[in-house]
Amino acid sequence: HDVIGMGAMLVSAIIYAYTMIIYKRESGTYTKFETVFFQNVVGGLLFLPIGLSGLPDLSWLQVIGAIAFGLILGVAAFSLFFSGLKHIS
């Protein structure tokens with residue numbers, strides 16, 4: 001059995017649950033747009049080296065598509081997610 005994979009999955013679930021608690025607690029302090037902005041800035045900075053390492057192999061169409069996909073998911077979807085999270089009791 002894959003103990004390392006299951007352990008990583010468990011740690012990931014715990015970290016995700018903890019961040020949702022933090023987001024819910026801070027939802028009264030910050031707007032959903034501020035929350036989405038800072039979440040995406042941190043995630044973007046963490047994954048920037050990985051993205052830049054594969055950049056020479058991509059066409060401009062693929063780069064533009066990736067940026068559009070990131071904007072749609074990063075702004076629209078998470079705005080709806082944090083808006084819903086704010087209304088959960």
# chains A, B, ... in the order shown; residues from 1 in each chain; ligands from 1

call {"tool": "residues_around", "arguments": {"residues": "range 14-30 of chain A", "least_positions_apart": "5", "cutoff": "10 Å", "atoms": "only C-alpha atoms", "output": "mmCIF file with N, CA and C atoms, in the first residue's frame"}}
result
data_model
loop_
_atom_site.group_PDB
_atom_site.id
_atom_site.type_symbol
_atom_site.label_atom_id
_atom_site.label_comp_id
_atom_site.auth_asym_id
_atom_site.auth_seq_id
_atom_site.Cartn_x
_atom_site.Cartn_y
_atom_site.Cartn_z
ATOM 1 N N ALA A 8 0.357 11.959 2.687
ATOM 2 C CA ALA A 8 0.331 13.278 2.050
ATOM 3 C C ALA A 8 -1.103 13.755 1.854
ATOM 4 N N MET A 9 -1.988 12.836 1.491
ATOM 5 C CA MET A 9 -3.389 13.189 1.307
ATOM 6 C C MET A 9 -4.016 13.622 2.638
ATOM 7 N N THR A 35 -9.792 38.648 -0.061
ATOM 8 C CA THR A 35 -9.417 37.270 0.237
ATOM 9 C C THR A 35 -8.936 36.552 -1.009
ATOM 10 N N VAL A 36 -9.669 36.697 -2.111
ATOM 11 C CA VAL A 36 -9.280 36.054 -3.373
ATOM 12 C C VAL A 36 -7.951 36.611 -3.862
ATOM 13 N N PHE A 82 -15.965 32.167 -1.801
ATOM 14 C CA PHE A 82 -15.841 32.932 -0.565
ATOM 15 C C PHE A 82 -17.123 33.665 -0.233
ATOM 16 N N SER A 83 -17.898 34.022 -1.239
ATOM 17 C CA SER A 83 -19.194 34.628 -0.987
ATOM 18 C C SER A 83 -20.111 33.629 -0.289
ATOM 19 N N LEU A 85 -19.065 31.000 1.424
ATOM 20 C CA LEU A 85 -18.473 30.675 2.723
ATOM 21 C C LEU A 85 -18.862 31.701 3.776
ATOM 22 N N LYS A 86 -19.014 32.940 3.361
ATOM 23 C CA LYS A 86 -19.389 34.009 4.294
ATOM 24 C C LYS A 86 -20.796 33.794 4.858
ATOM 25 N N HIS A 87 -21.677 33.139 4.092
ATOM 26 C CA HIS A 87 -23.058 32.954 4.532
ATOM 27 C C HIS A 87 -23.317 31.645 5.278
ATOM 28 N N ILE A 88 -22.288 30.823 5.419
ATOM 29 C CA ILE A 88 -22.449 29.569 6.162
ATOM 30 C C ILE A 88 -22.369 29.860 7.657
ATOM 31 N N SER A 89 -23.278 29.280 8.398
ATOM 32 C CA SER A 89 -23.305 29.503 9.860
ATOM 33 C C SER A 89 -22.306 28.630 10.564
#

call {"tool": "closest_residue", "arguments": {"among": "A:Leu52, A:Leu10, A:Phe47, A:Asn40", "to": "Leu73 in chain A", "atoms": "only C-alpha atoms"}}
result
A:Asn40

call {"tool": "residues_around", "arguments": {"residues": "Gln39 in chain A", "least_positions_apart": "5", "cutoff": "9 Å", "atoms": "only C-alpha atoms", "output": "list in words"}}
result
Glu34, Gly44 and Gly74 of chain A

call {"tool": "write_last_selection", "arguments": {"atoms": "C-alpha atoms", "output": "JSON list (two decimals), in the first residue's frame"}}
result
[["chain", "number", "residue", "atom", "x", "y", "z"],
["A", 34, "GLU", "CA", -9.41, 40.91, -0.81],
["A", 44, "GLY", "CA", 1.03, 32.48, -7.75],
["A", 74, "GLY", "CA", -8.85, 32.41, -9.57]]

call {"tool": "select_by_dssp", "arguments": {"residues": "range 1-61 of chain A", "states": "helix (DSSP H, G or I)", "output": "CSV table (one decimal) with N, CA, C and O atoms, in the first residue's frame"}}
result
chain,number,residue,atom,x,y,z
A,3,VAL,N,1.8,4.2,1.6
A,3,VAL,CA,1.6,4.9,2.9
A,3,VAL,C,2.0,6.4,2.7
A,3,VAL,O,1.4,7.3,3.3
A,4,ILE,N,3.0,6.7,1.9
A,4,ILE,CA,3.4,8.1,1.7
A,4,ILE,C,2.3,8.9,1.0
A,4,ILE,O,2.0,10.0,1.4
A,5,GLY,N,1.7,8.3,0.0
A,5,GLY,CA,0.6,9.0,-0.7
A,5,GLY,C,-0.6,9.2,0.2
A,5,GLY,O,-1.2,10.3,0.2
A,6,MET,N,-0.9,8.2,1.0
A,6,MET,CA,-2.1,8.4,1.9
A,6,MET,C,-1.7,9.4,3.0
A,6,MET,O,-2.6,10.2,3.4
A,7,GLY,N,-0.5,9.4,3.5
A,7,GLY,CA,-0.1,10.4,4.5
A,7,GLY,C,-0.1,11.8,3.9
A,7,GLY,O,-0.6,12.7,4.6
A,8,ALA,N,0.4,12.0,2.7
A,8,ALA,CA,0.3,13.3,2.1
A,8,ALA,C,-1.1,13.8,1.9
A,8,ALA,O,-1.4,14.9,2.0
A,9,MET,N,-2.0,12.8,1.5
A,9,MET,CA,-3.4,13.2,1.3
A,9,MET,C,-4.0,13.6,2.6
A,9,MET,O,-4.8,14.6,2.7
A,10,LEU,N,-3.7,12.9,3.7
A,10,LEU,CA,-4.2,13.3,5.0
A,10,LEU,C,-3.7,14.6,5.5
A,10,LEU,O,-4.5,15.5,6.0
A,11,VAL,N,-2.4,14.9,5.3
A,11,VAL,CA,-1.8,16.2,5.7
A,11,VAL,C,-2.5,17.3,4.8
A,11,VAL,O,-2.8,18.4,5.3
A,12,SER,N,-2.7,17.1,3.5
A,12,SER,CA,-3.3,18.1,2.7
A,12,SER,C,-4.7,18.4,3.1
A,12,SER,O,-5.1,19.5,3.1
A,13,ALA,N,-5.5,17.4,3.5
A,13,ALA,CA,-6.9,17.6,4.0
A,13,ALA,C,-6.9,18.3,5.2
A,13,ALA,O,-7.7,19.2,5.4
A,14,ILE,N,-6.0,18.1,6.1
A,14,ILE,CA,-5.9,18.8,7.4
A,14,ILE,C,-5.6,20.3,7.2
A,14,ILE,O,-6.2,21.2,7.7
A,15,ILE,N,-4.6,20.5,6.3
A,15,ILE,CA,-4.2,21.9,6.0
A,15,ILE,C,-5.3,22.6,5.3
A,15,ILE,O,-5.6,23.8,5.6
A,16,TYR,N,-6.0,22.0,4.4
A,16,TYR,CA,-7.2,22.6,3.7
A,16,TYR,C,-8.3,22.9,4.7
A,16,TYR,O,-8.9,24.0,4.6
A,17,ALA,N,-8.6,22.0,5.6
A,17,ALA,CA,-9.6,22.3,6.6
A,17,ALA,C,-9.2,23.4,7.5
A,17,ALA,O,-10.1,24.3,7.8
A,18,TYR,N,-8.0,23.5,7.9
A,18,TYR,CA,-7.5,24.6,8.7
A,18,TYR,C,-7.6,26.0,8.0
A,18,TYR,O,-8.0,27.0,8.6
A,19,THR,N,-7.3,26.0,6.7
A,19,THR,CA,-7.4,27.2,5.9
A,19,THR,C,-8.8,27.7,5.8
A,19,THR,O,-9.1,28.9,5.8
A,20,MET,N,-9.7,26.7,5.6
A,20,MET,CA,-11.2,27.1,5.6
A,20,MET,C,-11.7,27.7,6.9
A,20,MET,O,-12.5,28.6,6.9
A,21,ILE,N,-11.2,27.2,8.0
A,21,ILE,CA,-11.5,27.8,9.3
A,21,ILE,C,-11.0,29.2,9.4
A,21,ILE,O,-11.7,30.1,9.8
A,22,ILE,N,-9.8,29.4,8.9
A,22,ILE,CA,-9.2,30.8,8.9
A,22,ILE,C,-10.0,31.7,8.0
A,22,ILE,O,-10.3,32.8,8.4
A,23,TYR,N,-10.3,31.2,6.8
A,23,TYR,CA,-11.1,32.0,5.8
A,23,TYR,C,-12.4,32.4,6.4
A,23,TYR,O,-12.9,33.5,6.3
A,24,LYS,N,-13.1,31.4,7.1
A,24,LYS,CA,-14.4,31.7,7.6
A,24,LYS,C,-14.3,32.7,8.8
A,24,LYS,O,-15.2,33.6,8.9
A,25,ARG,N,-13.3,32.6,9.6
A,25,ARG,CA,-13.1,33.5,10.7
A,25,ARG,C,-12.8,34.9,10.3
A,25,ARG,O,-13.3,35.9,10.8
A,26,GLU,N,-12.1,35.0,9.2
A,26,GLU,CA,-11.7,36.4,8.7
A,26,GLU,C,-12.6,36.9,7.7
A,26,GLU,O,-12.4,38.0,7.2
A,32,LYS,N,-14.6,39.6,0.0
A,32,LYS,CA,-14.3,38.4,-0.7
A,32,LYS,C,-13.2,38.7,-1.8
A,32,LYS,O,-12.4,37.8,-2.1
A,33,PHE,N,-13.2,39.9,-2.3
A,33,PHE,CA,-12.2,40.2,-3.3
A,33,PHE,C,-10.8,40.4,-2.7
A,33,PHE,O,-9.8,40.0,-3.3
A,34,GLU,N,-10.7,40.9,-1.5
A,34,GLU,CA,-9.4,40.9,-0.8
A,34,GLU,C,-8.9,39.5,-0.5
A,34,GLU,O,-7.7,39.2,-0.7
A,35,THR,N,-9.8,38.6,-0.1
A,35,THR,CA,-9.4,37.3,0.2
A,35,THR,C,-8.9,36.6,-1.0
A,35,THR,O,-7.9,35.9,-1.0
A,36,VAL,N,-9.7,36.7,-2.1
A,36,VAL,CA,-9.3,36.1,-3.4
A,36,VAL,C,-8.0,36.6,-3.9
A,36,VAL,O,-7.1,35.9,-4.3
A,37,PHE,N,-7.8,37.9,-3.8
A,37,PHE,CA,-6.5,38.5,-4.2
A,37,PHE,C,-5.3,38.0,-3.5
A,37,PHE,O,-4.4,37.5,-4.1
A,38,PHE,N,-5.4,38.0,-2.1
A,38,PHE,CA,-4.2,37.5,-1.4
A,38,PHE,C,-4.0,36.0,-1.5
A,38,PHE,O,-2.9,35.5,-1.5
A,39,GLN,N,-5.1,35.2,-1.7
A,39,GLN,CA,-4.9,33.8,-1.9
A,39,GLN,C,-4.2,33.5,-3.2
A,39,GLN,O,-3.3,32.7,-3.3
A,40,ASN,N,-4.6,34.3,-4.2
A,40,ASN,CA,-4.0,34.0,-5.5
A,40,ASN,C,-2.6,34.6,-5.6
A,40,ASN,O,-1.7,34.0,-6.3
A,41,VAL,N,-2.3,35.7,-4.9
A,41,VAL,CA,-0.9,36.2,-4.9
A,41,VAL,C,0.0,35.2,-4.3
A,41,VAL,O,1.1,34.9,-4.8
A,42,VAL,N,-0.4,34.7,-3.1
A,42,VAL,CA,0.5,33.7,-2.4
A,42,VAL,C,0.7,32.4,-3.3
A,42,VAL,O,1.8,31.9,-3.5
A,43,GLY,N,-0.4,31.9,-3.8
A,43,GLY,CA,-0.3,30.7,-4.7
A,43,GLY,C,0.5,31.0,-5.9
A,43,GLY,O,1.3,30.1,-6.4
A,44,GLY,N,0.3,32.1,-6.5
A,44,GLY,CA,1.0,32.5,-7.7
A,44,GLY,C,2.5,32.6,-7.5
A,44,GLY,O,3.3,32.1,-8.3
A,45,LEU,N,2.9,33.2,-6.4
A,45,LEU,CA,4.3,33.3,-6.0
A,45,LEU,C,4.9,32.0,-5.7
A,45,LEU,O,6.1,31.7,-6.0
A,46,LEU,N,4.2,31.1,-5.1
A,46,LEU,CA,4.7,29.8,-4.7
A,46,LEU,C,5.0,28.9,-6.0
A,46,LEU,O,5.9,28.2,-6.1
A,47,PHE,N,4.1,29.1,-7.0
A,47,PHE,CA,4.2,28.2,-8.2
A,47,PHE,C,4.9,28.9,-9.4
A,47,PHE,O,5.0,28.3,-10.4
A,48,LEU,N,5.3,30.2,-9.2
A,48,LEU,CA,6.0,30.9,-10.2
A,48,LEU,C,7.2,30.2,-10.8
A,48,LEU,O,7.4,30.1,-12.0
A,49,PRO,N,8.1,29.7,-9.9
A,49,PRO,CA,9.3,29.0,-10.4
A,49,PRO,C,8.9,27.8,-11.3
A,49,PRO,O,9.6,27.5,-12.3
A,50,ILE,N,7.9,27.1,-10.9
A,50,ILE,CA,7.5,25.9,-11.6
A,50,ILE,C,6.9,26.3,-13.0
A,50,ILE,O,7.2,25.7,-14.0
A,51,GLY,N,6.1,27.3,-13.0
A,51,GLY,CA,5.6,27.8,-14.3
A,51,GLY,C,6.6,28.4,-15.2
A,51,GLY,O,6.6,28.1,-16.4
A,52,LEU,N,7.6,29.1,-14.7
A,52,LEU,CA,8.6,29.6,-15.5
A,52,LEU,C,9.6,28.6,-16.1
A,52,LEU,O,10.2,28.8,-17.1
A,53,SER,N,9.7,27.5,-15.4
A,53,SER,CA,10.7,26.4,-15.8
A,53,SER,C,10.1,25.8,-17.1
A,53,SER,O,10.9,25.3,-17.9
A,55,LEU,N,8.1,27.4,-19.3
A,55,LEU,CA,7.6,28.4,-20.2
A,55,LEU,C,8.2,28.3,-21.7
A,55,LEU,O,7.5,28.5,-22.6
A,56,PRO,N,9.5,28.1,-21.8
A,56,PRO,CA,10.0,28.0,-23.2
A,56,PRO,C,9.4,27.0,-24.1
A,56,PRO,O,9.4,27.1,-25.3
A,57,ASP,N,8.8,25.9,-23.5
A,57,ASP,CA,8.2,24.9,-24.3
A,57,ASP,C,6.8,25.2,-24.7
A,57,ASP,O,6.2,24.4,-25.5
A,60,TRP,N,2.5,30.9,-27.5
A,60,TRP,CA,1.8,32.0,-27.0
A,60,TRP,C,0.4,31.7,-26.8
A,60,TRP,O,-0.2,32.2,-25.8
A,61,LEU,N,-0.2,30.9,-27.6
A,61,LEU,CA,-1.6,30.6,-27.5
A,61,LEU,C,-1.9,29.8,-26.2
A,61,LEU,O,-2.8,30.0,-25.4

call {"tool": "decode", "arguments": {"residues": "range 24-44 of chain A", "atoms": "N, CA, C and O atoms", "output": "JSON list (two decimals), in the first residue's frame"}}
result
[["chain", "number", "residue", "atom", "x", "y", "z"],
["A", 24, "LYS", "N", -13.09, 31.42, 7.06],
["A", 24, "LYS", "CA", -14.41, 31.68, 7.63],
["A", 24, "LYS", "C", -14.33, 32.69, 8.77],
["A", 24, "LYS", "O", -15.15, 33.59, 8.89],
["A", 25, "ARG", "N", -13.31, 32.56, 9.60],
["A", 25, "ARG", "CA", -13.14, 33.47, 10.73],
["A", 25, "ARG", "C", -12.84, 34.89, 10.26],
["A", 25, "ARG", "O", -13.32, 35.85, 10.83],
["A", 26, "GLU", "N", -12.06, 35.03, 9.20],
["A", 26, "GLU", "CA", -11.67, 36.35, 8.71],
["A", 26, "GLU", "C", -12.64, 36.92, 7.67],
["A", 26, "GLU", "O", -12.43, 38.03, 7.19],
["A", 27, "SER", "N", -13.69, 36.20, 7.32],
["A", 27, "SER", "CA", -14.61, 36.66, 6.28],
["A", 27, "SER", "C", -15.36, 37.93, 6.68],
["A", 27, "SER", "O", -15.80, 38.68, 5.82],
["A", 28, "GLY", "N", -15.48, 38.19, 7.96],
["A", 28, "GLY", "CA", -16.12, 39.42, 8.41],
["A", 28, "GLY", "C", -15.19, 40.62, 8.36],
["A", 28, "GLY", "O", -15.63, 41.76, 8.29],
["A", 29, "THR", "N", -13.89, 40.36, 8.37],
["A", 29, "THR", "CA", -12.90, 41.42, 8.38],
["A", 29, "THR", "C", -12.55, 41.90, 6.97],
["A", 29, "THR", "O", -12.38, 43.09, 6.73],
["A", 30, "TYR", "N", -12.42, 40.95, 6.05],
["A", 30, "TYR", "CA", -11.99, 41.27, 4.69],
["A", 30, "TYR", "C", -13.10, 40.97, 3.70],
["A", 30, "TYR", "O", -13.91, 40.06, 3.91],
["A", 31, "THR", "N", -13.11, 41.68, 2.58],
["A", 31, "THR", "CA", -14.09, 41.40, 1.54],
["A", 31, "THR", "C", -13.67, 40.15, 0.79],
["A", 31, "THR", "O", -12.52, 39.72, 0.88],
["A", 32, "LYS", "N", -14.61, 39.57, 0.04],
["A", 32, "LYS", "CA", -14.27, 38.37, -0.72],
["A", 32, "LYS", "C", -13.21, 38.67, -1.78],
["A", 32, "LYS", "O", -12.38, 37.82, -2.09],
["A", 33, "PHE", "N", -13.20, 39.90, -2.30],
["A", 33, "PHE", "CA", -12.21, 40.25, -3.32],
["A", 33, "PHE", "C", -10.81, 40.35, -2.71],
["A", 33, "PHE", "O", -9.83, 39.95, -3.34],
["A", 34, "GLU", "N", -10.70, 40.87, -1.49],
["A", 34, "GLU", "CA", -9.41, 40.91, -0.81],
["A", 34, "GLU", "C", -8.90, 39.51, -0.50],
["A", 34, "GLU", "O", -7.72, 39.20, -0.69],
["A", 35, "THR", "N", -9.79, 38.65, -0.06],
["A", 35, "THR", "CA", -9.42, 37.27, 0.24],
["A", 35, "THR", "C", -8.94, 36.55, -1.01],
["A", 35, "THR", "O", -7.90, 35.88, -0.99],
["A", 36, "VAL", "N", -9.67, 36.70, -2.11],
["A", 36, "VAL", "CA", -9.28, 36.05, -3.37],
["A", 36, "VAL", "C", -7.95, 36.61, -3.86],
["A", 36, "VAL", "O", -7.08, 35.86, -4.31],
["A", 37, "PHE", "N", -7.76, 37.92, -3.76],
["A", 37, "PHE", "CA", -6.52, 38.54, -4.22],
["A", 37, "PHE", "C", -5.32, 37.96, -3.47],
["A", 37, "PHE", "O", -4.35, 37.52, -4.09],
["A", 38, "PHE", "N", -5.37, 37.97, -2.14],
["A", 38, "PHE", "CA", -4.22, 37.50, -1.37],
["A", 38, "PHE", "C", -4.01, 35.99, -1.51],
["A", 38, "PHE", "O", -2.88, 35.53, -1.53],
["A", 39, "GLN", "N", -5.08, 35.23, -1.65],
["A", 39, "GLN", "CA", -4.93, 33.80, -1.86],
["A", 39, "GLN", "C", -4.22, 33.53, -3.19],
["A", 39, "GLN", "O", -3.32, 32.70, -3.27],
["A", 40, "ASN", "N", -4.60, 34.26, -4.23],
["A", 40, "ASN", "CA", -4.00, 34.05, -5.54],
["A", 40, "ASN", "C", -2.58, 34.60, -5.62],
["A", 40, "ASN", "O", -1.75, 34.03, -6.33],
["A", 41, "VAL", "N", -2.29, 35.67, -4.91],
["A", 41, "VAL", "CA", -0.92, 36.20, -4.91],
["A", 41, "VAL", "C", 0.02, 35.19, -4.26],
["A", 41, "VAL", "O", 1.09, 34.89, -4.80],
["A", 42, "VAL", "N", -0.36, 34.65, -3.12],
["A", 42, "VAL", "CA", 0.49, 33.68, -2.44],
["A", 42, "VAL", "C", 0.66, 32.43, -3.29],
["A", 42, "VAL", "O", 1.78, 31.93, -3.49],
["A", 43, "GLY", "N", -0.43, 31.91, -3.83],
["A", 43, "GLY", "CA", -0.35, 30.72, -4.69],
["A", 43, "GLY", "C", 0.47, 30.98, -5.94],
["A", 43, "GLY", "O", 1.28, 30.14, -6.35],
["A", 44, "GLY", "N", 0.27, 32.14, -6.55],
["A", 44, "GLY", "CA", 1.03, 32.48, -7.75],
["A", 44, "GLY", "C", 2.52, 32.59, -7.49],
["A", 44, "GLY", "O", 3.34, 32.12, -8.28]]
